[in-house]
Amino acid sequence: MFSIFFTEEFFYFLLILFASMLKKKPSFMQPITLQEFKKLLLDPDNLQIVDVRSKEEHFDKRIKGGKNIPLDELLSHAPNLNHSKNIVVHCAHGFRAKRAAEYLEKVCHLHVYYLKGDIENWEHMDLPVLYGDET
């Protein structure tokens, strides 16, 4: 006999898979380049940046103005996102951000951008980055 352990990550995968099998709707999830994201930063009142990395990763280096909601906590925090703003999710390399955007689009029906590229590229473009206790 064997035991199956469902991790929260596996649960999100099943949730996205199930949602994708439902009636197809036009996709409102869009990748956004660093250059396009830089333009959205010009209107910060209409922008919500969500960092889906771990709390430790976020503390070490983060995009100024970003809110940290680790991927494994996204389900409980999704209702608190401001649906009237442009929502841009990012992570370290783009994989978690894309998964988060898929979830927010399919399950929460939000228009979401996910950042192509990573925070290292962001930093190399001389865009605002905070470290540790900086505010």
# chains A, B, ... in the order shown; residues from 1 in each chain; ligands from 1

call {"tool": "closest_atom_pairs", "arguments": {"of": "stretch 2-90 of chain A", "to": "stretch 94-104 of chain A", "cutoff": "9 Å", "atoms": "only C-alpha atoms", "output": "Markdown table"}}
result
| residue | atom | partner | partner_atom | distance |
| --- | --- | --- | --- | --- |
| A:Tyr12 | CA | A:Tyr103 | CA | 7.7 |
| A:Phe13 | CA | A:Arg99 | CA | 8.6 |
| A:Leu15 | CA | A:Tyr103 | CA | 8.0 |
| A:Ile16 | CA | A:Tyr103 | CA | 6.0 |
| A:Ala19 | CA | A:Tyr103 | CA | 8.7 |
| A:Met29 | CA | A:Ala101 | CA | 6.2 |
| A:Gln30 | CA | A:Ala101 | CA | 8.3 |
| A:Pro31 | CA | A:Lys98 | CA | 8.0 |
| A:Val50 | CA | A:Ala97 | CA | 8.9 |
| A:Asp51 | CA | A:Ala97 | CA | 7.9 |
| A:Val52 | CA | A:Ala97 | CA | 6.4 |
| A:Arg53 | CA | A:Arg96 | CA | 7.6 |
| A:Leu71 | CA | A:Ala100 | CA | 6.6 |
| A:Leu74 | CA | A:Ala100 | CA | 7.6 |
| A:Leu75 | CA | A:Tyr103 | CA | 8.7 |
| A:Ala78 | CA | A:Leu104 | CA | 7.3 |
| A:Val88 | CA | A:Ala101 | CA | 8.4 |
| A:Val89 | CA | A:Ala97 | CA | 5.4 |
| A:His90 | CA | A:Ala97 | CA | 4.8 |

call {"tool": "residues_around", "arguments": {"residues": "A:Asp72", "least_positions_apart": "2", "cutoff": "7 Å", "atoms": "only C-alpha atoms", "output": "list in words"}}
result
Glu8, Glu9, Pro70 and Leu74 of chain A

call {"tool": "residues_around", "arguments": {"residues": "stretch 32-43 of chain A", "least_positions_apart": "5", "cutoff": "7 Å", "atoms": "only C-alpha atoms", "output": "list in words"}}
result
Tyr113, Tyr114, Leu115, Lys116, Gly117 and Trp122 of chain A

call {"tool": "select_by_dssp", "arguments": {"residues": "chain A", "states": "helix (DSSP H, G or I)", "output": "ChimeraX atom specification"}}
result
/A:8-21,34-40,44-46,55-60,71-80,95-106,119-124

call {"tool": "residues_around", "arguments": {"residues": "stretch 54-64 of chain A", "least_positions_apart": "3", "cutoff": "8 Å", "atoms": "only C-alpha atoms", "output": "ChimeraX atom specification"}}
result
/A:51,68-71,119,128-133,135

call {"tool": "write_last_selection", "arguments": {"atoms": "C-alpha atoms", "output": "mmCIF file, in the first residue's frame"}}
result
data_model
loop_
_atom_site.group_PDB
_atom_site.id
_atom_site.type_symbol
_atom_site.label_atom_id
_atom_site.label_comp_id
_atom_site.auth_asym_id
_atom_site.auth_seq_id
_atom_site.Cartn_x
_atom_site.Cartn_y
_atom_site.Cartn_z
ATOM 1 C CA ASP A 51 6.451 39.327 -6.191
ATOM 2 C CA ASN A 68 5.383 39.984 -1.681
ATOM 3 C CA ILE A 69 2.797 37.220 -1.962
ATOM 4 C CA PRO A 70 4.657 33.909 -2.205
ATOM 5 C CA LEU A 71 3.183 31.554 -4.789
ATOM 6 C CA ILE A 119 15.162 40.506 -11.211
ATOM 7 C CA PRO A 128 14.950 50.607 -8.707
ATOM 8 C CA VAL A 129 15.915 47.648 -6.507
ATOM 9 C CA LEU A 130 15.833 47.491 -2.722
ATOM 10 C CA TYR A 131 17.999 45.241 -0.539
ATOM 11 C CA GLY A 132 17.364 43.922 2.966
ATOM 12 C CA ASP A 133 15.915 46.568 5.278
ATOM 13 C CA THR A 135 12.522 51.056 2.123
#

call {"tool": "select_by_dssp", "arguments": {"residues": "stretch 31-98 of chain A", "states": "strand (DSSP E or B)", "output": "VMD selection string"}}
result
chain A and resid 31 to 32 47 to 51 62 to 63 66 to 68 86 to 90

call {"tool": "closest_residue", "arguments": {"among": "A:Glu105, A:Glu134, A:Asp118, A:Glu123", "to": "A:Cys91", "atoms": "only C-alpha atoms"}}
result
A:Asp118
